[in-house]
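Novice: Dropping a structure here in structure tokens format, bear with me for questions.
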Amino acid sequence: MPDDMPPAPGELSAEPGEPLLPIPQEDDEARPAPPNGRPTALDPDQMGFTPRRAVPWLSPVLLSGTAVRVVLADLFGAYLDKRELQDALSPRILREAPGYAGAVTDDEWPDTGELWVDYAADTGDGFNATYSVAYLLAQPSLTVDGHELPRGEVLVLGGDQVYPTASGGQYEDRFKGPFRAAMPEPPAEGPRPRLYAVPGNHDWYDGLTAFLRLFVRGDEGSIGGWQTRQSRSYFAVELPNRWWLLGLDVQAGAYIDDPQLRYFRSVAARLGPGDKVIICPPSPSWVEATDDRKAYDSLDYFIRTIIDPTGASVPLMISGDLHHYARYSRPGRELITSGGGGAYLYPTHELPDQIAVPPVRSLVRNASPSLQYKLQSAFPTKRQSRGLAFGVFWRVPWRNPMFLGLLGLLQTLTMLAFVNAADRVVSGVEQRLVTVPAVLMVIVDLLGTCMLAMPRTAGQRRPRHWILGFLHGLAFIGVATLGTWAWLNLPFLTLVWPLPLLIAIVLYLPLSAVAAGELFALYLLIAAKFDVNLNELFAGQGITGYKGFLRLHFKPDGTLTIYPLGVRRTGRHWHAAPEAAPGSPWFVPGRPMDVHLIDAPIELR
């Protein structure tokens, strides 16, 4: 089923932002959960959480609420930053071994062995996409393009485990609940999978409070069958065969705090020539640095001052934050973005074919030498991404009815203001109550479109932002002017009050909402060509397909093979499995998901 079509019977449906509920079927009956505790339907009372639809990012209510939280996070972030306080927590340097079943002592630590590790990022959005990824991660093994890939003994989450903002309730409904449903209990055979998480900017909006409660509990915490192990919002894990995995907490351009620096310096004391380090930052600053020269500063400082002096190498950096798969490469290092864990698809067609890391014009005085990296692969491909961009004309109106209502209201008020300015409005106190000065509406329209062209993610405001925003505003006013001409040439003004106002609300508002919505879609398509509102172009569409994760295979000979896995279409129709084994997923897809390699296996030595 295409992403823009309504759900079929038996699939999940709800108004934007509302809880997901199954559409009733004739054979559905309200049944209590069986004694084994496994649900018989997508029933919040049986599951213990409420599955949610994907976040409607253009909803006026959501936008205003999120904007307030973002402003508060910016104003009081320095006071809410809990990283300094984590100095009181145990600075555990962790170890992961094949067949791990408890604490590993120095005597028991194997210097060789085979280990599988999964990496996923940007989970915790709508149930269908998030549960699809969690379901695949929980499978004992996946057979993909002839490769037999067992489940990772370790799962690393790369940031943004919940949307739109962090709270206990949002984590429960959008992340913990779906992952617990995918693996309710530890596997009956073999070691229990372990889980580590890096906080992203959405995890940060409450000062990491909910994140620390959920993930930073040492070996006492769990999310379904996965066991949490980290004791801080950042972590270091020693792997067999001289591999290391480091998760950094440097979100939103934050500096690396002193306790975190001391922690990783103690890790560096164990490194030496021949050791190989995988770094997991919360965002792909190597790409972001093309627009913001400061984006890569913290990561460059970390590598240059902490890792490089030890003689260890950094052959791989993995991040989420951008909701797609992209790999930049040069001899000796791979830079991978893997943010397909559940959130809306982010485009790939505007990714540069080459990037310089660090940026050539870095503001850091002692920056590392700038090196060129080439884009090797992307999912979706650039061609697919361009094709998906044109879906903005039907997906944005379909998925954002409240936003269209806001556009229609502004159009109606602007039209009435113009009619009033033309001195063609019937006199009377009641009529004047709905008139608005035309100049005021012009200012509101232009300010709104200019602010839209310069969102928080826009980075430095450039002339193109102002020009595109102003032109969009003029086009919006042009639609209202055309509506004013049509209104003045129709016999509505001769009707008895309040019929003209009622007709404006019932007839003009819906039509103008559709026209303004299509104009907005056209603006997004054009603006994206100038790297303006590229995020909004796809956030408004809410495409739930093209998800994926990485499966890493650490071989006994020290080789690391990375299998980038993806699905073009996530599950939408789920069947309960109440009689399945305790550790099996609560729900199975009505149609098997087609998992495939989205890039050739990547081998690092």
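Ordering of the structure tokens sets the chain letters (A, B, ...); residue numbers start at 1 within each chain; ligands are numbered from 1 in the order shown.
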Going by DSSP on the backbone, which bits of range 264-457 of chain A are strand (DSSP E or B)? Write them as a VMD selection string, please.

Specialist: chain A and resid 276 to 280 313 to 319 325 to 330 333 to 338 354 to 357 371 to 379

Novice: Taking only C-alpha atoms into account, produce a table as CSV in which each residue of range 375-423 of chain A with an atom at most 9 Å from an atom of range 342-352 of chain A appears once, together with its shortest atom pair and the distance in Å to one decimal, ordered by chain and rising number.

Specialist:
residue,atom,partner,partner_atom,distance
A:Leu375,CA,A:Pro352,CA,7.4
A:Ala378,CA,A:Thr348,CA,6.8
A:Phe379,CA,A:Thr348,CA,7.4
A:Pro380,CA,A:Thr348,CA,6.8
A:Thr381,CA,A:Thr348,CA,6.8
A:Lys382,CA,A:His349,CA,4.1
A:Arg383,CA,A:His349,CA,6.9
A:Gln384,CA,A:His349,CA,8.2
A:Ser385,CA,A:His349,CA,5.6
A:Arg386,CA,A:His349,CA,6.0
A:Leu388,CA,A:Pro347,CA,8.5
A:Ala389,CA,A:Pro347,CA,7.9

Novice: Would you export the selected residues with C-alpha atoms as a PDB file, in the first residue's frame, please?

Specialist:
ATOM      1  CA  LEU A 375      29.531   9.299  -0.885  1.00  0.00           C
ATOM      2  CA  ALA A 378      22.533   5.910   0.197  1.00  0.00           C
ATOM      3  CA  PHE A 379      19.131   4.444   1.063  1.00  0.00           C
ATOM      4  CA  PRO A 380      16.860   5.500  -0.440  1.00  0.00           C
ATOM      5  CA  THR A 381      18.944   6.258  -3.505  1.00  0.00           C
ATOM      6  CA  LYS A 382      19.095   9.840  -4.708  1.00  0.00           C
ATOM      7  CA  ARG A 383      16.775   8.977  -7.581  1.00  0.00           C
ATOM      8  CA  GLN A 384      14.243   7.378  -5.238  1.00  0.00           C
ATOM      9  CA  SER A 385      14.501  10.346  -2.875  1.00  0.00           C
ATOM     10  CA  ARG A 386      13.762  12.830  -5.682  1.00  0.00           C
ATOM     11  CA  LEU A 388       9.462  10.706  -3.096  1.00  0.00           C
ATOM     12  CA  ALA A 389       9.862  14.487  -2.834  1.00  0.00           C
TER      13      ALA A 389
END

Novice: Enter the distance from CA of Pro193 in chain A to CA of Trp226 in chain A, in Å, rounded to one decimal.

Specialist: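 Taking CA of Pro193 in chain A as the start and CA of Trp226 in chain A as the end point, the length is 5.1 Å.
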
Novice: Compare A:Met402, A:Gly542, A:Ala268, A:Gly274 by their minimum atom-to-atom distance to Asp125 in chain A, counting only C-alpha atoms, and give me the closest one.

Specialist: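 Smallest separation from Asp125 in chain A among the options: A:Gly542.
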
Novice: I'd like to know which of A:Thr484, A:Thr123, A:Gln411, A:Gln260 is closest to Leu322 in chain A, using only C-alpha atoms.

Specialist: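 The closest residue to Leu322 in chain A is A:Thr123.
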
Novice: List as a VMD selection string the protein and nucleic acid residues near range 470-481 of chain A, meaning an atom at most 12 Å away when only C-alpha atoms are counted, but skip any in the same chain fewer than 4 places from it.

Specialist: chain A and resid 407 to 419 421 to 422 438 to 439 441 to 454 463 to 466 485 to 488 508 to 509 511 to 527

Novice: Determine, counting only C-alpha atoms, which protein, DNA and RNA residues have an atom within 12 Å of an atom of Val216 in chain A; residues of the same chain fewer than 5 positions away are not included. Present the result as a ChimeraX atom specification.

Specialist: /A:86,89-92,195-199,208-211,221-223,227-235

Novice: Save the residues we just selected, N, CA and C atoms, as a PDB file, in the first residue's frame?

Specialist:
ATOM      1  N   GLN A  86      26.667  13.608  36.683  1.00  0.00           N
ATOM      2  CA  GLN A  86      26.939  12.187  36.512  1.00  0.00           C
ATOM      3  C   GLN A  86      28.336  11.800  36.993  1.00  0.00           C
ATOM      4  N   LEU A  89      28.248   9.209  39.505  1.00  0.00           N
ATOM      5  CA  LEU A  89      27.900   7.841  39.131  1.00  0.00           C
ATOM      6  C   LEU A  89      29.148   7.034  38.798  1.00  0.00           C
ATOM      7  N   SER A  90      29.002   5.734  38.830  1.00  0.00           N
ATOM      8  CA  SER A  90      30.139   4.851  38.605  1.00  0.00           C
ATOM      9  C   SER A  90      30.704   5.037  37.196  1.00  0.00           C
ATOM     10  N   PRO A  91      32.007   5.265  37.058  1.00  0.00           N
ATOM     11  CA  PRO A  91      32.625   5.412  35.732  1.00  0.00           C
ATOM     12  C   PRO A  91      32.991   4.050  35.139  1.00  0.00           C
ATOM     13  N   ARG A  92      32.000   3.224  34.905  1.00  0.00           N
ATOM     14  CA  ARG A  92      32.238   1.854  34.465  1.00  0.00           C
ATOM     15  C   ARG A  92      32.730   1.808  33.022  1.00  0.00           C
ATOM     16  N   LEU A 195      21.928  -3.780  25.970  1.00  0.00           N
ATOM     17  CA  LEU A 195      21.525  -2.574  25.257  1.00  0.00           C
ATOM     18  C   LEU A 195      22.273  -1.363  25.801  1.00  0.00           C
ATOM     19  N   TYR A 196      22.747  -0.520  24.894  1.00  0.00           N
ATOM     20  CA  TYR A 196      23.385   0.757  25.220  1.00  0.00           C
ATOM     21  C   TYR A 196      22.720   1.843  24.382  1.00  0.00           C
ATOM     22  N   ALA A 197      22.643   3.064  24.909  1.00  0.00           N
ATOM     23  CA  ALA A 197      21.962   4.144  24.192  1.00  0.00           C
ATOM     24  C   ALA A 197      22.735   5.449  24.314  1.00  0.00           C
ATOM     25  N   VAL A 198      22.785   6.168  23.207  1.00  0.00           N
ATOM     26  CA  VAL A 198      23.341   7.520  23.155  1.00  0.00           C
ATOM     27  C   VAL A 198      22.162   8.492  23.141  1.00  0.00           C
ATOM     28  N   PRO A 199      22.174   9.548  23.933  1.00  0.00           N
ATOM     29  CA  PRO A 199      21.062  10.509  23.888  1.00  0.00           C
ATOM     30  C   PRO A 199      21.165  11.434  22.688  1.00  0.00           C
ATOM     31  N   LEU A 208      17.709  15.352  30.040  1.00  0.00           N
ATOM     32  CA  LEU A 208      18.123  13.949  30.170  1.00  0.00           C
ATOM     33  C   LEU A 208      17.454  13.231  31.346  1.00  0.00           C
ATOM     34  N   THR A 209      16.471  13.835  31.963  1.00  0.00           N
ATOM     35  CA  THR A 209      15.848  13.222  33.140  1.00  0.00           C
ATOM     36  C   THR A 209      15.256  11.854  32.820  1.00  0.00           C
ATOM     37  N   ALA A 210      14.370  11.786  31.819  1.00  0.00           N
ATOM     38  CA  ALA A 210      13.728  10.513  31.488  1.00  0.00           C
ATOM     39  C   ALA A 210      14.733   9.523  30.899  1.00  0.00           C
ATOM     40  N   PHE A 211      15.697  10.021  30.128  1.00  0.00           N
ATOM     41  CA  PHE A 211      16.711   9.145  29.541  1.00  0.00           C
ATOM     42  C   PHE A 211      17.510   8.437  30.632  1.00  0.00           C
ATOM     43  N   GLY A 221      18.652  -2.570  35.018  1.00  0.00           N
ATOM     44  CA  GLY A 221      17.604  -2.108  34.132  1.00  0.00           C
ATOM     45  C   GLY A 221      17.331  -3.077  32.997  1.00  0.00           C
ATOM     46  N   SER A 222      16.154  -2.976  32.413  1.00  0.00           N
ATOM     47  CA  SER A 222      15.808  -3.814  31.269  1.00  0.00           C
ATOM     48  C   SER A 222      14.733  -3.120  30.455  1.00  0.00           C
ATOM     49  N   ILE A 223      14.720  -3.426  29.176  1.00  0.00           N
ATOM     50  CA  ILE A 223      13.666  -3.008  28.264  1.00  0.00           C
ATOM     51  C   ILE A 223      13.235  -4.264  27.531  1.00  0.00           C
ATOM     52  N   GLN A 227      18.850  -6.112  28.269  1.00  0.00           N
ATOM     53  CA  GLN A 227      19.362  -5.653  29.561  1.00  0.00           C
ATOM     54  C   GLN A 227      20.197  -4.395  29.350  1.00  0.00           C
ATOM     55  N   THR A 228      19.909  -3.347  30.133  1.00  0.00           N
ATOM     56  CA  THR A 228      20.713  -2.128  30.074  1.00  0.00           C
ATOM     57  C   THR A 228      21.938  -2.296  30.959  1.00  0.00           C
ATOM     58  N   ARG A 229      23.056  -1.662  30.570  1.00  0.00           N
ATOM     59  CA  ARG A 229      24.289  -1.850  31.332  1.00  0.00           C
ATOM     60  C   ARG A 229      25.000  -0.544  31.657  1.00  0.00           C
ATOM     61  N   GLN A 230      24.790   0.514  30.890  1.00  0.00           N
ATOM     62  CA  GLN A 230      25.589   1.722  31.074  1.00  0.00           C
ATOM     63  C   GLN A 230      25.250   2.414  32.376  1.00  0.00           C
ATOM     64  N   SER A 231      26.222   3.139  32.914  1.00  0.00           N
ATOM     65  CA  SER A 231      26.038   3.849  34.180  1.00  0.00           C
ATOM     66  C   SER A 231      26.066   5.357  34.005  1.00  0.00           C
ATOM     67  N   ARG A 232      26.216   5.829  32.749  1.00  0.00           N
ATOM     68  CA  ARG A 232      26.167   7.261  32.455  1.00  0.00           C
ATOM     69  C   ARG A 232      25.515   7.435  31.084  1.00  0.00           C
ATOM     70  N   SER A 233      25.322   8.683  30.674  1.00  0.00           N
ATOM     71  CA  SER A 233      24.718   8.934  29.370  1.00  0.00           C
ATOM     72  C   SER A 233      25.709   8.720  28.236  1.00  0.00           C
ATOM     73  N   TYR A 234      26.931   8.390  28.543  1.00  0.00           N
ATOM     74  CA  TYR A 234      27.963   8.027  27.580  1.00  0.00           C
ATOM     75  C   TYR A 234      28.597   6.732  28.062  1.00  0.00           C
ATOM     76  N   PHE A 235      29.330   6.053  27.201  1.00  0.00           N
ATOM     77  CA  PHE A 235      29.838   4.743  27.595  1.00  0.00           C
ATOM     78  C   PHE A 235      31.035   4.359  26.737  1.00  0.00           C
TER      79      PHE A 235
END
